[in-house]
Amino acid sequence: APATRLARTVPLASPSHSRLFAEGGRDKRPEDASASDPNPGGLSEWSTGSDDGDSPSNSGGFLDTLQAWAQSPEGRGDIQTYFFSLTLALVLRVAIIEPRYIPSLSMYPTFDVGDQLAVEKVTKRLRPFERREVVVFNPPQAFKDIVGSSRTGKEALIKRIVAVGGDEVEVKNGGRLYVNGQLQDEPYTAENAEYEFGPVEVPFGNVLVLGDNRNHSLDGHIWGYLPVENVIGRACFVYWPPWHLGSEGLY
């Protein structure tokens, strides 16, 4: 009798329980996705990322990419090309040719405000300066004494050589220029000077420079002679704007 009562109290296993026991105690029902996903939030790739730099959250990714590029054959070639070009540009700028910008009307009509020109720096070492040449130069001390230190700084000036060492210069007869007693033909000037100057003799090792816009130029008739060692170079051609392109009136 006791055995009979015990058998009645133990329920029989249902078909689903039978499958559960047969599969090792796990119910693999596909409709219950949360039962098989240990991380239903889906952030396992970010929260458990390695420290090898491949994680999107790694702030050193750009530097690693840059370093890899610099160590690659293409990167080394690009770096060599860049430094070669930079060195060549610096050599050209310091020793051969440099650009200059016209900020005023002192050389009008040869140059207008905003014109950009090339100044070559080689021939000043090879041949002496001549009359009519346009030169760029560092202002002498006499210029600095007149305008004060506030304007000078690294400012360079541009004027035209009208006389060289040993020449006798005079401005007379309605503002006309005479060199060694000869009236000079100056088609590049804006107008005749409204002042008289000289006669003076230019010391050797110096030149006398005037602006083409004779009545609106702070030049040699005010501050005197220009030492040739102050000359940076000769203006050789205008390259901007395009409609002023060329070297007309520079020699």
# chains A, B, ... in the order shown; residues from 1 in each chain; ligands from 1

$ select_by_dssp --residues "region 91-184 of chain A" --states "strand (DSSP E or B)" --output "PyMOL selection string"
chain A and resi 97-101+116-120+134-137+157-164+168-172+176-179+182-183

$ write_last_selection --atoms "N, CA and C atoms" --output "mmCIF file, in the first residue's frame"
data_model
loop_
_atom_site.group_PDB
_atom_site.id
_atom_site.type_symbol
_atom_site.label_atom_id
_atom_site.label_comp_id
_atom_site.auth_asym_id
_atom_site.auth_seq_id
_atom_site.Cartn_x
_atom_site.Cartn_y
_atom_site.Cartn_z
ATOM 1 N N ILE A 97 66.399 85.132 -56.416
ATOM 2 C CA ILE A 97 65.268 85.983 -56.816
ATOM 3 C C ILE A 97 64.226 85.976 -55.713
ATOM 4 N N GLU A 98 63.520 87.075 -55.574
ATOM 5 C CA GLU A 98 62.480 87.150 -54.551
ATOM 6 C C GLU A 98 61.336 88.032 -55.034
ATOM 7 N N PRO A 99 60.122 87.793 -54.543
ATOM 8 C CA PRO A 99 58.978 88.619 -54.933
ATOM 9 C C PRO A 99 58.893 89.879 -54.084
ATOM 10 N N ARG A 100 58.334 90.924 -54.671
ATOM 11 C CA ARG A 100 58.105 92.176 -53.949
ATOM 12 C C ARG A 100 56.744 92.735 -54.326
ATOM 13 N N TYR A 101 56.182 93.484 -53.389
ATOM 14 C CA TYR A 101 54.835 94.059 -53.529
ATOM 15 C C TYR A 101 54.947 95.577 -53.492
ATOM 16 N N GLN A 116 52.976 93.233 -58.290
ATOM 17 C CA GLN A 116 53.961 92.318 -57.709
ATOM 18 C C GLN A 116 55.033 92.037 -58.746
ATOM 19 N N LEU A 117 56.280 92.123 -58.314
ATOM 20 C CA LEU A 117 57.381 91.998 -59.246
ATOM 21 C C LEU A 117 58.462 91.086 -58.696
ATOM 22 N N ALA A 118 59.301 90.595 -59.598
ATOM 23 C CA ALA A 118 60.429 89.745 -59.219
ATOM 24 C C ALA A 118 61.685 90.596 -59.171
ATOM 25 N N VAL A 119 62.479 90.372 -58.138
ATOM 26 C CA VAL A 119 63.732 91.093 -57.943
ATOM 27 C C VAL A 119 64.863 90.074 -57.971
ATOM 28 N N GLU A 120 65.744 90.202 -58.961
ATOM 29 C CA GLU A 120 66.860 89.254 -59.037
ATOM 30 C C GLU A 120 68.056 89.813 -58.275
ATOM 31 N N VAL A 134 65.889 100.098 -62.203
ATOM 32 C CA VAL A 134 65.032 100.140 -61.012
ATOM 33 C C VAL A 134 65.569 99.119 -60.008
ATOM 34 N N VAL A 135 65.806 99.598 -58.791
ATOM 35 C CA VAL A 135 66.401 98.733 -57.772
ATOM 36 C C VAL A 135 65.550 98.741 -56.505
ATOM 37 N N VAL A 136 65.623 97.623 -55.793
ATOM 38 C CA VAL A 136 65.018 97.491 -54.467
ATOM 39 C C VAL A 136 66.154 97.513 -53.458
ATOM 40 N N PHE A 137 65.971 98.245 -52.361
ATOM 41 C CA PHE A 137 67.084 98.437 -51.438
ATOM 42 C C PHE A 137 66.587 98.630 -50.011
ATOM 43 N N LEU A 157 62.645 99.668 -50.010
ATOM 44 C CA LEU A 157 62.155 100.703 -50.922
ATOM 45 C C LEU A 157 62.502 100.333 -52.354
ATOM 46 N N ILE A 158 61.782 100.948 -53.287
ATOM 47 C CA ILE A 158 62.053 100.747 -54.705
ATOM 48 C C ILE A 158 62.091 102.105 -55.394
ATOM 49 N N LYS A 159 63.182 102.377 -56.106
ATOM 50 C CA LYS A 159 63.361 103.644 -56.821
ATOM 51 C C LYS A 159 64.164 103.366 -58.087
ATOM 52 N N ARG A 160 64.354 104.448 -58.871
ATOM 53 C CA ARG A 160 65.135 104.342 -60.103
ATOM 54 C C ARG A 160 66.472 105.064 -59.933
ATOM 55 N N ILE A 161 67.534 104.417 -60.381
ATOM 56 C CA ILE A 161 68.855 105.043 -60.352
ATOM 57 C C ILE A 161 68.913 106.107 -61.448
ATOM 58 N N VAL A 162 69.226 107.334 -61.059
ATOM 59 C CA VAL A 162 69.359 108.412 -62.050
ATOM 60 C C VAL A 162 70.806 108.841 -62.207
ATOM 61 N N ALA A 163 71.668 108.463 -61.264
ATOM 62 C CA ALA A 163 73.078 108.826 -61.366
ATOM 63 C C ALA A 163 73.904 107.846 -60.552
ATOM 64 N N VAL A 164 75.139 107.588 -61.012
ATOM 65 C CA VAL A 164 76.046 106.672 -60.320
ATOM 66 C C VAL A 164 77.252 107.451 -59.814
ATOM 67 N N GLU A 168 77.627 114.140 -61.987
ATOM 68 C CA GLU A 168 77.122 115.410 -61.460
ATOM 69 C C GLU A 168 75.640 115.517 -61.828
ATOM 70 N N VAL A 169 74.815 115.780 -60.843
ATOM 71 C CA VAL A 169 73.364 115.742 -61.030
ATOM 72 C C VAL A 169 72.757 117.093 -60.686
ATOM 73 N N GLU A 170 71.754 117.481 -61.488
ATOM 74 C CA GLU A 170 71.049 118.729 -61.203
ATOM 75 C C GLU A 170 69.625 118.617 -61.727
ATOM 76 N N VAL A 171 68.674 119.140 -60.985
ATOM 77 C CA VAL A 171 67.291 119.274 -61.428
ATOM 78 C C VAL A 171 67.010 120.763 -61.549
ATOM 79 N N LYS A 172 66.674 121.207 -62.784
ATOM 80 C CA LYS A 172 66.484 122.639 -63.027
ATOM 81 C C LYS A 172 65.605 122.818 -64.271
ATOM 82 N N ARG A 176 63.479 119.522 -64.865
ATOM 83 C CA ARG A 176 64.128 118.530 -65.726
ATOM 84 C C ARG A 176 65.434 118.054 -65.099
ATOM 85 N N LEU A 177 65.763 116.804 -65.399
ATOM 86 C CA LEU A 177 66.946 116.179 -64.825
ATOM 87 C C LEU A 177 68.131 116.301 -65.779
ATOM 88 N N TYR A 178 69.259 116.766 -65.226
ATOM 89 C CA TYR A 178 70.508 116.873 -65.985
ATOM 90 C C TYR A 178 71.569 116.027 -65.277
ATOM 91 N N VAL A 179 72.252 115.211 -66.065
ATOM 92 C CA VAL A 179 73.361 114.409 -65.550
ATOM 93 C C VAL A 179 74.591 114.727 -66.384
ATOM 94 N N GLN A 182 73.953 116.945 -69.279
ATOM 95 C CA GLN A 182 73.107 116.487 -70.368
ATOM 96 C C GLN A 182 71.662 116.297 -69.873
ATOM 97 N N LEU A 183 70.711 116.884 -70.618
ATOM 98 C CA LEU A 183 69.298 116.701 -70.295
ATOM 99 C C LEU A 183 68.913 115.249 -70.535
#

$ closest_atom_pairs --of "region 198-223 of chain A" --to "region 103-111 of chain A" --cutoff "9 Å" --atoms "only C-alpha atoms" --output "CSV"
residue,atom,partner,partner_atom,distance
A:Leu210,CA,A:Met107,CA,8.7
A:Gly211,CA,A:Met107,CA,5.1
A:Asp212,CA,A:Met107,CA,4.6
A:Asn213,CA,A:Ser106,CA,5.1
A:Arg214,CA,A:Ser106,CA,7.5
A:Asn215,CA,A:Ser106,CA,8.4
A:His216,CA,A:Ser106,CA,5.6
A:Ser217,CA,A:Ser106,CA,4.7
A:Leu218,CA,A:Ser106,CA,7.7
A:Asp219,CA,A:Ser106,CA,8.9

$ residues_around --residues "region 222-230 of chain A" --least-positions-apart "6" --cutoff "6 Å" --atoms "only C-alpha atoms" --output "number ranges by chain"
A: 137-138, 142-143, 205-208

$ atom_distance --atom1 "CA of Glu196 (chain A)" --atom2 "CA of Asp167 (chain A)"
17.1 Å

$ select_by_dssp --residues "region 81-199 of chain A" --states "helix (DSSP H, G or I)" --output "MDAnalysis selection string"
chainID A and resid 81:96 123:125 141:147 149:152

$ write_last_selection --atoms "C-alpha atoms" --output "PDB file, in the first residue's frame"
ATOM      1  CA  THR A  81      60.319  65.677 -52.211  1.00  0.00           C
ATOM      2  CA  TYR A  82      58.852  68.180 -49.735  1.00  0.00           C
ATOM      3  CA  PHE A  83      62.181  68.983 -48.076  1.00  0.00           C
ATOM      4  CA  PHE A  84      63.965  69.244 -51.424  1.00  0.00           C
ATOM      5  CA  SER A  85      61.351  71.695 -52.697  1.00  0.00           C
ATOM      6  CA  LEU A  86      61.500  73.727 -49.487  1.00  0.00           C
ATOM      7  CA  THR A  87      65.301  73.920 -49.593  1.00  0.00           C
ATOM      8  CA  LEU A  88      65.282  74.943 -53.249  1.00  0.00           C
ATOM      9  CA  ALA A  89      62.686  77.650 -52.575  1.00  0.00           C
ATOM     10  CA  LEU A  90      64.729  79.054 -49.683  1.00  0.00           C
ATOM     11  CA  VAL A  91      67.908  79.119 -51.776  1.00  0.00           C
ATOM     12  CA  LEU A  92      66.088  80.912 -54.588  1.00  0.00           C
ATOM     13  CA  ARG A  93      64.515  83.376 -52.143  1.00  0.00           C
ATOM     14  CA  VAL A  94      67.722  84.215 -50.289  1.00  0.00           C
ATOM     15  CA  ALA A  95      70.330  84.212 -53.062  1.00  0.00           C
ATOM     16  CA  ILE A  96      68.726  84.424 -56.500  1.00  0.00           C
ATOM     17  CA  THR A 123      73.805  90.416 -61.193  1.00  0.00           C
ATOM     18  CA  LYS A 124      74.528  93.008 -58.501  1.00  0.00           C
ATOM     19  CA  ARG A 125      77.635  90.930 -57.745  1.00  0.00           C
ATOM     20  CA  GLN A 141      70.356 105.752 -42.170  1.00  0.00           C
ATOM     21  CA  ALA A 142      69.458 109.204 -43.517  1.00  0.00           C
ATOM     22  CA  PHE A 143      66.023 107.888 -44.523  1.00  0.00           C
ATOM     23  CA  LYS A 144      65.503 106.376 -41.072  1.00  0.00           C
ATOM     24  CA  ASP A 145      66.463 109.649 -39.428  1.00  0.00           C
ATOM     25  CA  ILE A 146      63.750 111.466 -41.410  1.00  0.00           C
ATOM     26  CA  VAL A 147      60.837 109.059 -41.027  1.00  0.00           C
ATOM     27  CA  SER A 149      61.994 104.055 -36.432  1.00  0.00           C
ATOM     28  CA  SER A 150      58.232 103.408 -36.546  1.00  0.00           C
ATOM     29  CA  ARG A 151      58.205 103.188 -40.370  1.00  0.00           C
ATOM     30  CA  THR A 152      61.487 101.515 -41.123  1.00  0.00           C
TER      31      THR A 152
END

$ atom_distance --atom1 "CA of Glu133 (chain A)" --atom2 "CA of Gly233 (chain A)"
10.3 Å
